[in-house]
Amino acid sequence: MNIRQVVQGVGIILMVMIMASCAFFSEYGKLERSAREAYGRADYDTAVFMLARSLQINQDYEKSQVLAADAFLMANRIHHDRIKDIQARSAEFKYDDLVREYQSLINLHDAVKNLPPIRHPKTGLVLEFKVVDYSENLSESKELAAETHYQAGKALSVSEDMNNQKAAAKEFKKSLSFIAHYKDAVDRYELSRKAGIKRIAVFPFEDLSGKRKKYGSIAELVVDQMVSSVMKDPAATEFLELITRDQLDRVITEQKLGLSGMVNEVTAMEVGAILGVHEIITGKITQIIYTPVQTNHRDYKETSKIVVKTEKYKDKAGKTKTRKIYADVEARVRHYTRSTKAVIKGSYKIVDVRTAKLIKSEAFEGKADFSTEWATAQGDVRALKYRTSKLVKKGEVFAPVAGEMVSQAAADLANSLSATLKIYAR
């Protein structure tokens, strides 16, 4: 082998290495590696989707070609095995799972149907993706799933029980999720939904904190914000109706009840019965704790070696050069921290108006925390560390006043209670 042949061989090797490196860092190469990872954890669908994207970018990338054919075969096999297993079950809502499997197959075949012909890099044989149309299977499964939920809703809707009506509405809604406007499911859903709505009266909470409204009407603020948050959430109000304070006030006025009647559970039950509600919520705030603003500081020094000037000098060869002159600089730092907080504590209970049975009782707590820091410096500010310099530039930050902190704690409490009520309503 002469030198020219050696050089050509080295050139070919370098070219191959460069091409391999380009593929490794390319988008199609990254997709192939991610697909290989998905394949390794038996997530064949994801592997196919990634490989399809890789081949759309570079249809000649051999690694993606070979793996795509294998991943597609494995994904189909897994889905068909699942379909056989589902069809053999006697579960009431098995068609829901069939819909999911056929939809997955459709997505899988859609991903590969437009790919260019792929040849095996070693055998040269065309690797075909046998694309099948599963739309008819999907439509049939959706029809069966819709009918199954529709019949379940019908069976539940004959009951006068509110919870059964709520369950019936959910079944009709599920039926409609498979086929829009299926039979008369829309009308049946609305009828059952209305029959399954729970009406709850939320009574103003008692303020037993002893603060005598020092921070305003916190109890009313908590209840109003809680009710407002729930009423703005369509998912929460699907099966829930909250009685407004105006309705409560009207009945209280008509029945000539005073404030003491409002906080008396027996009286609240009477008002609830007059309003025709199913349950009432009463509560009390037992503590409003405000921690006054605390400001502390600590003093320390920071030093640094910095360039203060430059000077000319001649090296051994007689050439003129420039060197830096360093010096130690110092700054005196006063680091401040400031904090305050507010906590509201209490409890609530939910009572069934008809049976007077306690349904739910829990303690609650709302918090608001404030903390900040800043710094001042004297001396040479060039000595300051980066973080200290930022704190000096930040300057003094003032804390919210007491009333604002308590209001923030009330808002936190209202959000917590509304989240609890939304979960309860569903």
# chains A, B, ... in the order shown; residues from 1 in each chain; ligands from 1
>>> residues_around(residues="Ser64 (chain A)", least_positions_apart="5", cutoff="12 Å", atoms="only C-alpha atoms", output="ChimeraX atom specification")
/A:23,27-36,39,47-59,69-72,115,118-121,127
>>> residues_around(residues="Phe205 (chain A)", least_positions_apart="4", cutoff="8 Å", atoms="only C-alpha atoms", output="VMD selection string")
chain A and resid 219 to 220 223 263 282 to 285
>>> residues_around(residues="region 147-163 of chain A", least_positions_apart="5", cutoff="6 Å", atoms="only C-alpha atoms", output="mmCIF file with C-alpha atoms, in the first residue's frame")
data_model
loop_
_atom_site.group_PDB
_atom_site.id
_atom_site.type_symbol
_atom_site.label_atom_id
_atom_site.label_comp_id
_atom_site.auth_asym_id
_atom_site.auth_seq_id
_atom_site.Cartn_x
_atom_site.Cartn_y
_atom_site.Cartn_z
ATOM 1 C CA ALA A 168 -76.754 8.882 36.734
ATOM 2 C CA GLU A 171 -72.983 8.162 33.401
ATOM 3 C CA PHE A 172 -74.968 10.128 30.804
ATOM 4 C CA SER A 175 -71.887 8.352 27.314
ATOM 5 C CA GLY A 196 -78.537 15.498 41.962
#
>>> residues_around(residues="Gly272 (chain A)", least_positions_apart="5", cutoff="10 Å", atoms="only C-alpha atoms", output="PyMOL selection string")
chain A and resi 199-203+243+248+251+266-267+277-281+352-354
>>> write_last_selection(atoms="N, CA and C atoms", output="mmCIF file, in the first residue's frame")
data_model
loop_
_atom_site.group_PDB
_atom_site.id
_atom_site.type_symbol
_atom_site.label_atom_id
_atom_site.label_comp_id
_atom_site.auth_asym_id
_atom_site.auth_seq_id
_atom_site.Cartn_x
_atom_site.Cartn_y
_atom_site.Cartn_z
ATOM 1 N N ARG A 199 -77.838 21.365 47.695
ATOM 2 C CA ARG A 199 -77.969 22.776 48.087
ATOM 3 C C ARG A 199 -77.413 22.945 49.493
ATOM 4 N N ILE A 200 -76.445 23.841 49.613
ATOM 5 C CA ILE A 200 -75.772 24.058 50.902
ATOM 6 C C ILE A 200 -75.834 25.531 51.266
ATOM 7 N N ALA A 201 -76.196 25.785 52.506
ATOM 8 C CA ALA A 201 -76.193 27.157 53.030
ATOM 9 C C ALA A 201 -74.945 27.344 53.879
ATOM 10 N N VAL A 202 -74.144 28.323 53.509
ATOM 11 C CA VAL A 202 -72.927 28.626 54.272
ATOM 12 C C VAL A 202 -73.222 29.814 55.173
ATOM 13 N N PHE A 203 -73.288 29.574 56.468
ATOM 14 C CA PHE A 203 -73.610 30.627 57.422
ATOM 15 C C PHE A 203 -72.358 31.408 57.800
ATOM 16 N N ILE A 243 -76.164 28.756 48.841
ATOM 17 C CA ILE A 243 -77.131 29.810 49.148
ATOM 18 C C ILE A 243 -76.384 31.090 49.480
ATOM 19 N N LEU A 248 -79.955 34.267 52.874
ATOM 20 C CA LEU A 248 -79.920 34.000 54.317
ATOM 21 C C LEU A 248 -80.460 35.194 55.098
ATOM 22 N N VAL A 251 -84.329 35.498 54.978
ATOM 23 C CA VAL A 251 -85.040 34.559 55.857
ATOM 24 C C VAL A 251 -84.855 34.949 57.319
ATOM 25 N N VAL A 266 -78.883 25.187 66.144
ATOM 26 C CA VAL A 266 -80.282 24.776 66.025
ATOM 27 C C VAL A 266 -81.041 25.767 65.163
ATOM 28 N N THR A 267 -80.824 27.056 65.396
ATOM 29 C CA THR A 267 -81.478 28.088 64.606
ATOM 30 C C THR A 267 -81.030 28.020 63.150
ATOM 31 N N VAL A 277 -82.542 23.652 51.935
ATOM 32 C CA VAL A 277 -81.198 23.159 51.641
ATOM 33 C C VAL A 277 -81.014 21.754 52.218
ATOM 34 N N HIS A 278 -80.038 21.056 51.687
ATOM 35 C CA HIS A 278 -79.752 19.711 52.170
ATOM 36 C C HIS A 278 -78.794 19.740 53.361
ATOM 37 N N GLU A 279 -77.847 20.696 53.305
ATOM 38 C CA GLU A 279 -76.830 20.752 54.366
ATOM 39 C C GLU A 279 -76.511 22.204 54.705
ATOM 40 N N ILE A 280 -75.973 22.388 55.885
ATOM 41 C CA ILE A 280 -75.500 23.717 56.274
ATOM 42 C C ILE A 280 -74.037 23.617 56.688
ATOM 43 N N ILE A 281 -73.332 24.712 56.477
ATOM 44 C CA ILE A 281 -71.941 24.812 56.924
ATOM 45 C C ILE A 281 -71.851 25.945 57.930
ATOM 46 N N ASP A 352 -76.230 17.645 58.102
ATOM 47 C CA ASP A 352 -77.407 17.301 57.306
ATOM 48 C C ASP A 352 -78.634 17.925 57.949
ATOM 49 N N VAL A 353 -79.358 18.733 57.173
ATOM 50 C CA VAL A 353 -80.507 19.463 57.730
ATOM 51 C C VAL A 353 -81.637 18.520 58.125
ATOM 52 N N ARG A 354 -81.877 17.508 57.317
ATOM 53 C CA ARG A 354 -83.016 16.618 57.573
ATOM 54 C C ARG A 354 -82.795 15.718 58.783
#
>>> residues_around(residues="Thr295 (chain A)", least_positions_apart="3", cutoff="8 Å", atoms="only C-alpha atoms", output="mmCIF file with C-alpha atoms, in the first residue's frame")
data_model
loop_
_atom_site.group_PDB
_atom_site.id
_atom_site.type_symbol
_atom_site.label_atom_id
_atom_site.label_comp_id
_atom_site.auth_asym_id
_atom_site.auth_seq_id
_atom_site.Cartn_x
_atom_site.Cartn_y
_atom_site.Cartn_z
ATOM 1 C CA TYR A 336 -30.809 43.428 57.759
ATOM 2 C CA THR A 337 -33.599 40.866 57.993
ATOM 3 C CA ARG A 338 -37.252 41.756 58.497
ATOM 4 C CA SER A 339 -40.195 39.418 59.059
#
